[in-house]
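This report refers to the structure that appears directly beneath it.
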Amino acid sequence: MSDRYAAEIDGFALDCETLEDGFEKAVAQREYPYRDGAELEDMGERARTIRIRCYWIEARYGNHYNFLEHLKSRELLELSHPKYGLIHGIIQSVMVRHDDRAETAEVDLTFIQDLLSQEEPIINLDVMAETEEFFASGQKELMNSFSDQARLALGSQAGTVLSKQLQSGLGIADQFTQLSMPARAWLKKLDTFVGRLQATAADIANPANSLLAMIDYGVSLPGRVIGPIAQTLERYALLYYSVKSAPQRFLRNMQNALDELSDIAESILGTSRAAGIVRSAGAQRMALEAAAIYADDEQSRAAIRRAETGRAFDISGQYLNPEPAPALLTVRDLEESLAMVRAALQAGIDLDRSQDSLKNMARVLLEHVMITKLERDRLVRIVLDNTMPLHLACRMRGLPYACAERILAVNNIAHPNFVSGEIDVYVR
């Protein structure tokens with residue numbers, strides 16, 4: 001197989017050949033009295049070692065002195081290997097054979113690849129901020145979709161209706177004159193629907209600092225309809241706030257409320273497309289609430305990480321009595337809540353493919369859950385020899401016992417005092 005990459009080290013072009021290329025496994029061996037053999041555990045790969053021989057001949061012979069001087073650097077070197085491409089590492093040993101009369105030098109290098117310092121950390125993006133941004137753009141998309149429905153329902157009169165600035169204190173149909181009877185009947189249905197929305201959960205006040213207060217719905221007909229839909233869904237979210245610590249139950253209640261509003265829209269307006277607008281708005285609200293739940297959970301995880309690095313006892317041996325660890329969402333909580341929200345988002349997308357915000361919300365939530373499951377730490381799967389408490393399993397792996405909360409959250413463990421079989425733990 002021909003070489004695919006030009007061989008060089010930090011810009012020094014090389015005429016070289018690979019002498020050896022290999023790696024070793026770090027294998028833990030546990031031996032027991034009166035038992036033959038040993039129990040083995042693969043602890044991963046050791047550092048990869050590559051031995052290459054470089055040739056400096058005739059016109060390039062004098063350059064090898066500069067090359068050898070450069071290899072004394074303590075910084076990581078970049079090796080462009082003919083087969084593997086760019087590799088970072090350190091030169092462990094150098095062997096040189098000179099022949100000044102033939103102007104030839106052979107330089108044998110032992111290159112150790114560096115992997116850990118080259119790993120890019122997993123960045124957990126601000127799921128709440130991203131979802132809020134897509135929610136705001138999604139509300140504008142809903143108004144555009146409603147405008148398209150109005151054009152289908154009103155025909156040539158749609159331009160006049162959609163361009164008119166409506167007064168907030170008056171009904172929708174009362175502000176239009178010289179319209180056909182079908183158009184006026186359609187506007188009266190909108191009046192009935194908006195009035196029904198405003199009467200739903202009316203005893204719950206929308207907060208003045210909510211995200212909806214920062215969205216400009218305008219004074220036209222689309223904003224007059226989409227705004228109340230969003231406010232009603234927000235009131236439902238506030239109504240079920242007490243069960244938000246149980247995300248599956250909270251989202252199930254939101255889904256039931258969404259189904260109810262969709263049925264109302266279809267019964268009053270008489271079209272499934274109108275119910276589709278409500279479903280898309282409800283999916284956006286569910287995604288926003290799920291993002292808030294995930295953001296709070298991430299803050300709890302960060303607090304636990306800080307607590308794990310702290311001391312449990314002061315210098316005099318007194319117990320510091322740290323704050324109890326906050327509850328974390330388990331893998332099951334994350335996956336089930338994500339599945340519910342993505343199902344609602346998919347239903348909205350199926351009804352209207354132009355709703356790009358729904359697709360973006362689904363992607364952001366999925367990425368956050370995947371990163372949260374992996375977290376910023378490396379996970380390794382181990383097999384426990386016998387049943388033991390989770391805290392003891394932490395100590396056996398050299399982890400602080402406070403790490404048990406996070407380990408519990410990434411495993412499906414029924415009882416933390418009786419853990420057995422395979423579990424995922426963090427690597428220190």
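Going by the structure tokens order, chains are called A, B, ..., each with residues numbered from 1, while ligands are numbered from 1 in the order shown.
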
Item to check | Residue set, region 40-264 of chain A restricted to alpha helix (DSSP H), as number ranges by chain | outcome: A: 63-70, 127-154, 158-163, 181-199, 221-239, 247-264

Fewer than 3 positions away in the same chain doesn't count, so skip those; otherwise give me all residues within 8 Å of Pro228 (chain A), counting only C-alpha atoms, as a short mmCIF file (atom, residue, chain, number, x, y, z; two decimals) with all heavy atoms, in the first residue's frame.
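To be explicit, this is the file written out as result.cif:
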```
data_model
loop_
_atom_site.label_atom_id
_atom_site.label_comp_id
_atom_site.auth_asym_id
_atom_site.auth_seq_id
_atom_site.Cartn_x
_atom_site.Cartn_y
_atom_site.Cartn_z
N VAL A 194 -60.39 32.05 20.63
CA VAL A 194 -59.51 32.87 21.46
C VAL A 194 -60.15 33.13 22.82
O VAL A 194 -59.48 33.10 23.86
CB VAL A 194 -59.18 34.19 20.74
CG1 VAL A 194 -58.43 35.14 21.68
CG2 VAL A 194 -58.34 33.93 19.49
N LEU A 197 -59.67 30.13 24.93
CA LEU A 197 -58.30 30.06 25.42
C LEU A 197 -58.08 30.99 26.62
O LEU A 197 -57.48 30.62 27.63
CB LEU A 197 -57.31 30.42 24.31
CG LEU A 197 -57.16 29.43 23.15
CD1 LEU A 197 -56.26 30.03 22.07
CD2 LEU A 197 -56.58 28.11 23.64
N GLN A 198 -58.58 32.22 26.49
CA GLN A 198 -58.38 33.20 27.56
C GLN A 198 -59.12 32.81 28.84
O GLN A 198 -58.71 33.21 29.93
CB GLN A 198 -58.81 34.58 27.08
CG GLN A 198 -57.92 35.13 25.99
CD GLN A 198 -58.45 36.42 25.38
OE1 GLN A 198 -59.65 36.74 25.51
NE2 GLN A 198 -57.60 37.16 24.70
N ARG A 224 -52.67 37.83 17.32
CA ARG A 224 -53.86 37.83 18.17
C ARG A 224 -54.31 36.40 18.49
O ARG A 224 -54.95 36.17 19.52
CB ARG A 224 -54.99 38.59 17.45
CG ARG A 224 -56.25 38.76 18.26
CD ARG A 224 -56.06 39.74 19.42
NE ARG A 224 -57.31 39.94 20.11
CZ ARG A 224 -58.16 40.96 19.84
NH1 ARG A 224 -57.85 41.83 18.89
NH2 ARG A 224 -59.27 41.09 20.51
N VAL A 225 -53.94 35.42 17.65
CA VAL A 225 -54.32 34.03 17.87
C VAL A 225 -53.18 33.23 18.50
O VAL A 225 -53.39 32.50 19.48
CB VAL A 225 -54.75 33.38 16.53
CG1 VAL A 225 -55.05 31.90 16.74
CG2 VAL A 225 -55.96 34.10 15.96
N GLN A 231 -49.85 31.64 25.72
CA GLN A 231 -50.12 32.00 27.11
C GLN A 231 -50.90 30.90 27.83
O GLN A 231 -50.66 30.63 29.00
CB GLN A 231 -50.90 33.32 27.14
CG GLN A 231 -50.08 34.52 26.69
CD GLN A 231 -50.92 35.77 26.52
OE1 GLN A 231 -52.15 35.73 26.64
NE2 GLN A 231 -50.27 36.89 26.24
N THR A 232 -51.84 30.27 27.13
CA THR A 232 -52.61 29.19 27.75
C THR A 232 -51.70 28.01 28.08
O THR A 232 -51.80 27.41 29.16
CB THR A 232 -53.73 28.74 26.80
OG1 THR A 232 -54.56 29.87 26.48
CG2 THR A 232 -54.58 27.66 27.45
#
```

Next on the checklist: With only C-alpha atoms as the counted atoms, please give the residues lying no more than 10 Å from Ala173 (chain A), apart from itself and same-chain residues fewer than 3 positions off, as a PyMOL selection string.
Outcome noted: chain A and resi 161+170+176-177+179+183-191

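Counting only C-alpha atoms and comparing A:Ile413, A:Met286, A:Met43, A:Ala303, the residue that lies closest to Leu365 (chain A) is A:Met286.
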
Checklist entry - Smallest atom-to-atom distance to Thr192 (chain A): which of A:Gln318, A:Ser267, A:Ser280, A:Thr18, using only C-alpha atoms? => result A:Ser267

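Assigned to strand (DSSP E) in region 378-408 of chain A, given DSSP computed from backbone atoms, are Leu379, Val380, Arg381, Ile382, Val383, Leu384, Asp385, Asn386, Thr387 and Met388 of chain A.
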
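The nearest approach to Arg305 (chain A) among the residues A:Cys403, A:Gly270, A:Asp114, A:Ala343, with only C-alpha atoms taken into account, belongs to A:Cys403.
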
Checklist entry - Counting only C-alpha atoms, what is within 12 Å of region 109-112 of chain A, bar same-chain residues fewer than 3 positions away, as an MDAnalysis selection string? => result chainID A and resid 9 14 16:23 46:55 67:68 71 76:81 87:97 106 115

Please write the residues from the selection above to a file, keeping N, CA and C atoms, as a tab-separated table (two decimals), in the first residue's frame.
```tsv
chain	number	residue	atom	x	y	z
A	9	ILE	N	8.23	15.85	10.67
A	9	ILE	CA	8.10	16.17	12.09
A	9	ILE	C	8.28	17.66	12.25
A	14	LEU	N	10.88	14.22	5.98
A	14	LEU	CA	11.63	13.03	6.33
A	14	LEU	C	11.58	12.02	5.19
A	16	CYS	N	11.92	8.28	5.43
A	16	CYS	CA	11.95	7.38	6.58
A	16	CYS	C	11.28	6.07	6.26
A	17	GLU	N	11.47	5.12	7.16
A	17	GLU	CA	10.77	3.84	7.13
A	17	GLU	C	10.41	3.48	8.57
A	18	THR	N	9.31	2.77	8.73
A	18	THR	CA	8.87	2.36	10.06
A	18	THR	C	9.55	1.05	10.42
A	19	LEU	N	10.24	1.05	11.57
A	19	LEU	CA	10.90	-0.17	12.04
A	19	LEU	C	9.97	-1.00	12.91
A	20	GLU	N	9.32	-0.37	13.85
A	20	GLU	CA	8.39	-1.06	14.75
A	20	GLU	C	7.21	-0.16	15.04
A	21	ASP	N	6.09	-0.77	15.26
A	21	ASP	CA	4.87	-0.02	15.57
A	21	ASP	C	3.98	-0.93	16.41
A	22	GLY	N	3.78	-0.60	17.66
A	22	GLY	CA	2.98	-1.49	18.51
A	22	GLY	C	2.50	-0.81	19.77
A	23	PHE	N	1.64	-1.53	20.47
A	23	PHE	CA	1.13	-1.05	21.75
A	23	PHE	C	0.94	-2.25	22.67
A	46	ARG	N	-1.81	0.86	26.82
A	46	ARG	CA	-0.68	1.70	27.21
A	46	ARG	C	-0.33	2.62	26.04
A	47	ALA	N	0.67	3.46	26.27
A	47	ALA	CA	1.06	4.41	25.23
A	47	ALA	C	1.58	3.68	24.00
A	48	ARG	N	1.18	4.14	22.85
A	48	ARG	CA	1.61	3.54	21.59
A	48	ARG	C	3.02	4.01	21.26
A	49	THR	N	3.86	3.10	20.80
A	49	THR	CA	5.25	3.40	20.48
A	49	THR	C	5.51	3.11	19.00
A	50	ILE	N	6.15	4.07	18.33
A	50	ILE	CA	6.50	3.92	16.92
A	50	ILE	C	8.00	4.18	16.77
A	51	ARG	N	8.72	3.24	16.20
A	51	ARG	CA	10.15	3.40	15.91
A	51	ARG	C	10.32	3.59	14.41
A	52	ILE	N	10.96	4.71	14.05
A	52	ILE	CA	11.18	5.01	12.63
A	52	ILE	C	12.66	5.30	12.40
A	53	ARG	N	13.10	5.08	11.19
A	53	ARG	CA	14.48	5.37	10.79
A	53	ARG	C	14.44	6.42	9.68
A	54	CYS	N	15.13	7.53	9.94
A	54	CYS	CA	15.15	8.65	9.00
A	54	CYS	C	16.51	8.70	8.30
A	55	TYR	N	16.52	9.02	7.03
A	55	TYR	CA	17.74	9.09	6.23
A	55	TYR	C	17.97	10.53	5.77
A	67	PHE	N	17.76	19.33	12.74
A	67	PHE	CA	16.67	18.43	13.13
A	67	PHE	C	16.92	17.85	14.52
A	68	LEU	N	18.15	17.42	14.77
A	68	LEU	CA	18.48	16.85	16.09
A	68	LEU	C	18.38	17.90	17.18
A	71	LEU	N	14.75	18.31	18.16
A	71	LEU	CA	14.18	17.22	18.93
A	71	LEU	C	14.43	17.36	20.44
A	76	LEU	N	5.29	19.03	22.88
A	76	LEU	CA	4.79	17.93	22.06
A	76	LEU	C	5.16	18.17	20.60
A	77	LEU	N	5.55	17.11	19.94
A	77	LEU	CA	5.91	17.18	18.53
A	77	LEU	C	4.76	16.65	17.68
A	78	GLU	N	4.72	17.12	16.43
A	78	GLU	CA	3.73	16.66	15.48
A	78	GLU	C	4.41	15.77	14.45
A	79	LEU	N	4.03	14.52	14.45
A	79	LEU	CA	4.55	13.56	13.48
A	79	LEU	C	3.47	13.29	12.43
A	80	SER	N	3.81	13.57	11.18
A	80	SER	CA	2.92	13.19	10.08
A	80	SER	C	3.40	11.84	9.59
A	81	HIS	N	2.70	10.79	10.03
A	81	HIS	CA	3.11	9.43	9.69
A	81	HIS	C	2.61	9.08	8.29
A	87	ILE	N	0.02	12.74	14.17
A	87	ILE	CA	0.09	12.15	15.51
A	87	ILE	C	0.89	13.09	16.39
A	88	HIS	N	0.43	13.31	17.61
A	88	HIS	CA	1.15	14.13	18.59
A	88	HIS	C	1.84	13.22	19.60
A	89	GLY	N	3.02	13.63	20.02
A	89	GLY	CA	3.74	12.82	21.00
A	89	GLY	C	5.11	13.39	21.33
A	90	ILE	N	5.94	12.54	21.91
A	90	ILE	CA	7.28	12.94	22.38
A	90	ILE	C	8.29	11.91	21.88
A	91	ILE	N	9.49	12.41	21.52
A	91	ILE	CA	10.58	11.53	21.14
A	91	ILE	C	11.26	11.02	22.42
A	92	GLN	N	11.21	9.71	22.62
A	92	GLN	CA	11.81	9.14	23.82
A	92	GLN	C	13.31	8.92	23.66
A	93	SER	N	13.75	8.46	22.50
A	93	SER	CA	15.18	8.21	22.31
A	93	SER	C	15.56	8.49	20.86
A	94	VAL	N	16.84	8.85	20.68
A	94	VAL	CA	17.39	9.16	19.36
A	94	VAL	C	18.73	8.44	19.23
A	95	MET	N	18.91	7.69	18.15
A	95	MET	CA	20.18	7.03	17.84
A	95	MET	C	20.62	7.49	16.46
A	96	VAL	N	21.88	8.01	16.38
A	96	VAL	CA	22.37	8.60	15.13
A	96	VAL	C	23.62	7.86	14.67
A	97	ARG	N	23.70	7.59	13.38
A	97	ARG	CA	24.90	7.02	12.76
A	97	ARG	C	25.33	7.95	11.62
A	106	GLU	N	21.90	8.25	9.44
A	106	GLU	CA	20.71	7.48	9.78
A	106	GLU	C	20.31	7.83	11.20
A	115	LEU	N	-2.07	10.68	23.77
A	115	LEU	CA	-3.50	10.67	23.47
A	115	LEU	C	-4.32	11.51	24.43
```

Next on the checklist: So that I can see what lies close to Asp297 (chain A), please list as a count of residues only the residues with an atom at most 9 Å from it, counting only C-alpha atoms and leaving out residues fewer than 3 positions away in the same chain.
Outcome noted: 10

Next on the checklist: So that I can check the surroundings of region 344-349 of chain A, please list as a list in words every protein, DNA and RNA residue that reaches within 7 Å of it, counting only C-alpha atoms and ignoring chain neighbours fewer than 2 positions away.
Outcome noted: Gly276, Arg279, Ser280, Ala283, Met340, Val341, Arg342, Leu351, Asp352, Arg353, Gln355, Leu358 and Ala362 of chain A

Restricted to C-alpha atoms, what would the selected residues look like written as a PDB file, in the first residue's frame?
```pdb
ATOM      1  CA  GLY A 276     -51.923  21.250  14.016  1.00  0.00           C
ATOM      2  CA  ARG A 279     -49.959  20.836  18.551  1.00  0.00           C
ATOM      3  CA  SER A 280     -46.889  22.605  17.212  1.00  0.00           C
ATOM      4  CA  ALA A 283     -44.599  20.745  21.367  1.00  0.00           C
ATOM      5  CA  MET A 340     -42.109  12.074  25.295  1.00  0.00           C
ATOM      6  CA  VAL A 341     -40.929  15.488  24.128  1.00  0.00           C
ATOM      7  CA  ARG A 342     -39.489  14.214  20.856  1.00  0.00           C
ATOM      8  CA  LEU A 351     -48.284  18.226  10.461  1.00  0.00           C
ATOM      9  CA  ASP A 352     -46.075  21.062   9.194  1.00  0.00           C
ATOM     10  CA  ARG A 353     -42.628  20.343   7.755  1.00  0.00           C
ATOM     11  CA  GLN A 355     -41.414  24.226  11.391  1.00  0.00           C
ATOM     12  CA  LEU A 358     -39.173  21.904  16.154  1.00  0.00           C
ATOM     13  CA  ALA A 362     -35.333  17.968  19.089  1.00  0.00           C
TER      14      ALA A 362
END
```

Checklist entry - Which is closest to Ala7 (chain A) among A:Pro82, A:Gly218, A:Gly44, A:Gly62, if we use only C-alpha atoms? => result A:Pro82

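Taking CA of Glu422 (chain A) as the reference point, CA of Leu408 (chain A) is found at 12.7 Å.
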
Item to check | Exercise: Glu58 (chain A) partners within 8 Å, only C-alpha atoms, chain neighbours under 5 positions left out, as a count of residues only | outcome: 3

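Coordinates place CA of Ala414 (chain A) at a distance of 20.8 Å from CA of Arg397 (chain A).
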